[in-house]
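S.K.: Sharing a structure with you now.
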Amino acid sequence: LIGCFLFGILYPFASAELWQRIYAGKSVKSIQKTIVASAFIYVLLGIPFMMMGLGIKAKLPPTNSEVALIEGFLQLLPSGIMGIGLVAIFAAIMSSADTALFTMTSVVLQDFYDRIRKTTGRVVSKGNLVKLFRVWLGIFMIVGFSLSLFLRSINDAALIFTGFVPVTALTVLFSWIWKCMPGYFFTLMIGFGYAGSIYAIFTIGITEQLILSGLEGALVGFGVGLLIHGWVKIRT
């Protein structure tokens with residue numbers, strides 16, 4: 001419960017859907033209005049989804065949690081509405097998947113490739129950038145399909161996701177609080193946080209504990225960053 005509660009609080013800080021609204025916003029006021037509206041929409045959508053989950057739990061016999069929502073739609077909804085429910089589920093999956101793919105590809109090209117290109121003075125045409133974008137998009141698609149075939153579990157994939165996302169979210173939150181946080185703090189927090197989640201996967205297993213392990217690792221990384229920052233201040 002604690003892990004899932006923390007994930008719910010931290011997730012918006014690393015949500016690609018919300019960051020898209022920030023990048024597209026015309027002004028700070030429009031961004032603030034959009035985020036507030038999004039928060040209300042999340043609550044309004046969360047209540048019926050919670051009620052559906054409770055209804056499926058109460059009405060159906062114990063079933064595989066991997067397909068509980070699909071089974072609930074098939075057995076509890078009228079035939080006319082059932083199709084709408086299934087389409088909505090797969091539309092949400094596809095929407096989240098393509099957002100993640102485009103976000104990861106943009107991060108690779110803008111935050112890594114573009115910086116290296118500017119450092120070396122290399123000139124790349126827009127056409128080549130488009131080709132690189134397609135190549136990296138294809139690579140991430142192949143990696144995603146491979147992971148899905150390897151895991152074969154929606155629950156495991158969701159738990160691994162919840163183990164890594166809060167690490168990024170906590171790093172973003174700390175950077176908002178400390179406006180001039182040195183760059184190496186990001187590397188340390190994300191590095192230690194991801195390492196904590198990966199270590200927990202192999203030692204504890206894929207459970208809700210991944211959330212806490214990742215956050216503990218991120219806090220350790222922040223502590224190491226403070227030690228380095230203090231040492232640099234003393235030396236200078």
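Just so we're on the same page: first chain in the structure tokens is A, next is B, and so on; residues restart at 1 for each chain, and ligands are numbered from 1 in the order they show up.
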Need to verify the contact set: stretch 57-60 of chain A, 12 Å, only C-alpha atoms, exclusion of same-chain residues closer than 6 positions in sequence. Can you return it as a PyMOL selection string?
M.R.: chain A and resi 50-51+68-77
S.K.: Given the choices A:Leu54, A:Phe222, A:Phe140, A:Leu44, which gets closest to A:Met104 if the distance is worked out from only C-alpha atoms?
M.R.: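 Closest to A:Met104 of all the choices is A:Phe140.
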S.K.: For the structure I just gave you, how does DSSP split stretch 13-231 of chain A - specifically, which residues are alpha helix (DSSP H)? Reply as an MDAnalysis selection string.
M.R.: chainID A and resid 16:24 28:59 68:76 79:106 114:120 126:151 154:177 183:203 209:231
S.K.: Please provide the set of residues having any atom within 10 Å of stretch 173-185 of chain A, restricted to only C-alpha atoms, with same-chain residues fewer than 3 positions apart removed, written as an MDAnalysis selection string.
M.R.: chainID A and resid 10 13:14 167:170 188:191 218 221:226 228:229
S.K.: Please produce a file of the residues just selected, as an mmCIF file, in the first residue's frame, where the atoms kept are N, CA and C atoms.
M.R.:
```cif
data_model
loop_
_atom_site.group_PDB
_atom_site.id
_atom_site.type_symbol
_atom_site.label_atom_id
_atom_site.label_comp_id
_atom_site.auth_asym_id
_atom_site.auth_seq_id
_atom_site.Cartn_x
_atom_site.Cartn_y
_atom_site.Cartn_z
ATOM 1 N N LEU A 10 4.089 10.293 -7.059
ATOM 2 C CA LEU A 10 5.262 10.675 -7.835
ATOM 3 C C LEU A 10 5.074 10.531 -9.347
ATOM 4 N N PHE A 13 5.090 13.462 -11.987
ATOM 5 C CA PHE A 13 6.333 14.188 -12.242
ATOM 6 C C PHE A 13 7.161 13.541 -13.356
ATOM 7 N N ALA A 14 6.879 12.280 -13.678
ATOM 8 C CA ALA A 14 7.601 11.594 -14.751
ATOM 9 C C ALA A 14 6.665 11.153 -15.863
ATOM 10 N N VAL A 167 11.768 6.694 -9.593
ATOM 11 C CA VAL A 167 13.152 7.162 -9.487
ATOM 12 C C VAL A 167 13.322 8.438 -10.317
ATOM 13 N N THR A 168 12.856 8.392 -11.565
ATOM 14 C CA THR A 168 12.914 9.574 -12.418
ATOM 15 C C THR A 168 12.082 10.706 -11.828
ATOM 16 N N ALA A 169 10.893 10.372 -11.321
ATOM 17 C CA ALA A 169 9.996 11.386 -10.755
ATOM 18 C C ALA A 169 10.631 12.079 -9.550
ATOM 19 N N LEU A 170 11.274 11.306 -8.671
ATOM 20 C CA LEU A 170 11.910 11.892 -7.491
ATOM 21 C C LEU A 170 13.059 12.816 -7.899
ATOM 22 N N LEU A 188 23.693 10.398 -10.469
ATOM 23 C CA LEU A 188 23.798 9.583 -9.260
ATOM 24 C C LEU A 188 22.434 9.079 -8.802
ATOM 25 N N MET A 189 21.437 9.952 -8.786
ATOM 26 C CA MET A 189 20.112 9.544 -8.303
ATOM 27 C C MET A 189 19.485 8.492 -9.214
ATOM 28 N N ILE A 190 19.527 8.732 -10.517
ATOM 29 C CA ILE A 190 18.939 7.769 -11.446
ATOM 30 C C ILE A 190 19.763 6.485 -11.478
ATOM 31 N N GLY A 191 21.100 6.608 -11.453
ATOM 32 C CA GLY A 191 21.947 5.422 -11.469
ATOM 33 C C GLY A 191 21.738 4.537 -10.253
ATOM 34 N N ALA A 218 17.599 5.962 -5.050
ATOM 35 C CA ALA A 218 17.677 7.357 -5.483
ATOM 36 C C ALA A 218 18.093 8.268 -4.337
ATOM 37 N N GLY A 221 21.731 7.874 -3.798
ATOM 38 C CA GLY A 221 22.445 8.639 -4.817
ATOM 39 C C GLY A 221 22.476 10.122 -4.511
ATOM 40 N N PHE A 222 21.361 10.639 -3.985
ATOM 41 C CA PHE A 222 21.332 12.048 -3.597
ATOM 42 C C PHE A 222 22.304 12.301 -2.442
ATOM 43 N N GLY A 223 22.369 11.368 -1.493
ATOM 44 C CA GLY A 223 23.304 11.510 -0.378
ATOM 45 C C GLY A 223 24.744 11.512 -0.853
ATOM 46 N N VAL A 224 25.074 10.622 -1.797
ATOM 47 C CA VAL A 224 26.431 10.602 -2.361
ATOM 48 C C VAL A 224 26.719 11.915 -3.078
ATOM 49 N N GLY A 225 25.710 12.430 -3.782
ATOM 50 C CA GLY A 225 25.875 13.715 -4.451
ATOM 51 C C GLY A 225 26.158 14.847 -3.480
ATOM 52 N N LEU A 226 25.482 14.821 -2.325
ATOM 53 C CA LEU A 226 25.730 15.847 -1.314
ATOM 54 C C LEU A 226 27.157 15.770 -0.783
ATOM 55 N N ILE A 228 29.792 14.620 -2.431
ATOM 56 C CA ILE A 228 30.675 15.133 -3.483
ATOM 57 C C ILE A 228 30.571 16.653 -3.557
ATOM 58 N N HIS A 229 29.346 17.158 -3.453
ATOM 59 C CA HIS A 229 29.131 18.609 -3.527
ATOM 60 C C HIS A 229 29.839 19.316 -2.367
#
```
S.K.: Take atom CA of A:Leu149 and atom CA of A:Val67 and report the distance between them in Å, one decimal.
M.R.: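 The value is 16.6 Å.
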S.K.: Which of these residues is nearest to A:Gln20, using only C-alpha atoms: A:Val87, A:Val36, A:Ala100, A:Ile211?
M.R.: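 Between A:Val87, A:Val36, A:Ala100, A:Ile211, the residue approaching A:Gln20 most closely is A:Ala100.
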S.K.: Ranking A:Ala157, A:Ile89, A:Leu227, A:Met94 by minimum distance to A:Thr207 and counting only C-alpha atoms, which one comes first?
M.R.: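 Of the candidates, the smallest distance to A:Thr207 is held by A:Ala157.
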S.K.: Once you count only C-alpha atoms, what closest atom pair and distance in Å to one decimal does each residue of stretch 39-147 of chain A within 12 Å of stretch 25-34 of chain A have, with rows by chain and rising residue number, as JSON lines?
M.R.:
```
{"residue": "A:Ala39", "atom": "CA", "partner": "A:Thr34", "partner_atom": "CA", "distance": 8.6}
{"residue": "A:Phe40", "atom": "CA", "partner": "A:Thr34", "partner_atom": "CA", "distance": 10.0}
{"residue": "A:Ile41", "atom": "CA", "partner": "A:Thr34", "partner_atom": "CA", "distance": 10.4}
```
S.K.: Please identify all polymer residues within 12 Å of A:Leu210, counting only C-alpha atoms, omitting same-chain residues fewer than 6 positions from it, and present them as number ranges by chain.
M.R.: A: 2-4, 6-7, 156-167, 193-204, 216-217
S.K.: Quote the spacing between atom CA of A:Ala16 and atom CA of A:Thr105 in Å to one decimal place.
M.R.: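 If I compute the distance from atom CA of A:Ala16 to atom CA of A:Thr105, I get 12.5 Å.
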S.K.: To one decimal place in Å, what is the distance between atom CA of A:Ser146 and atom CA of A:Asp114?
M.R.: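 Distance between the two atoms: 27.6 Å.
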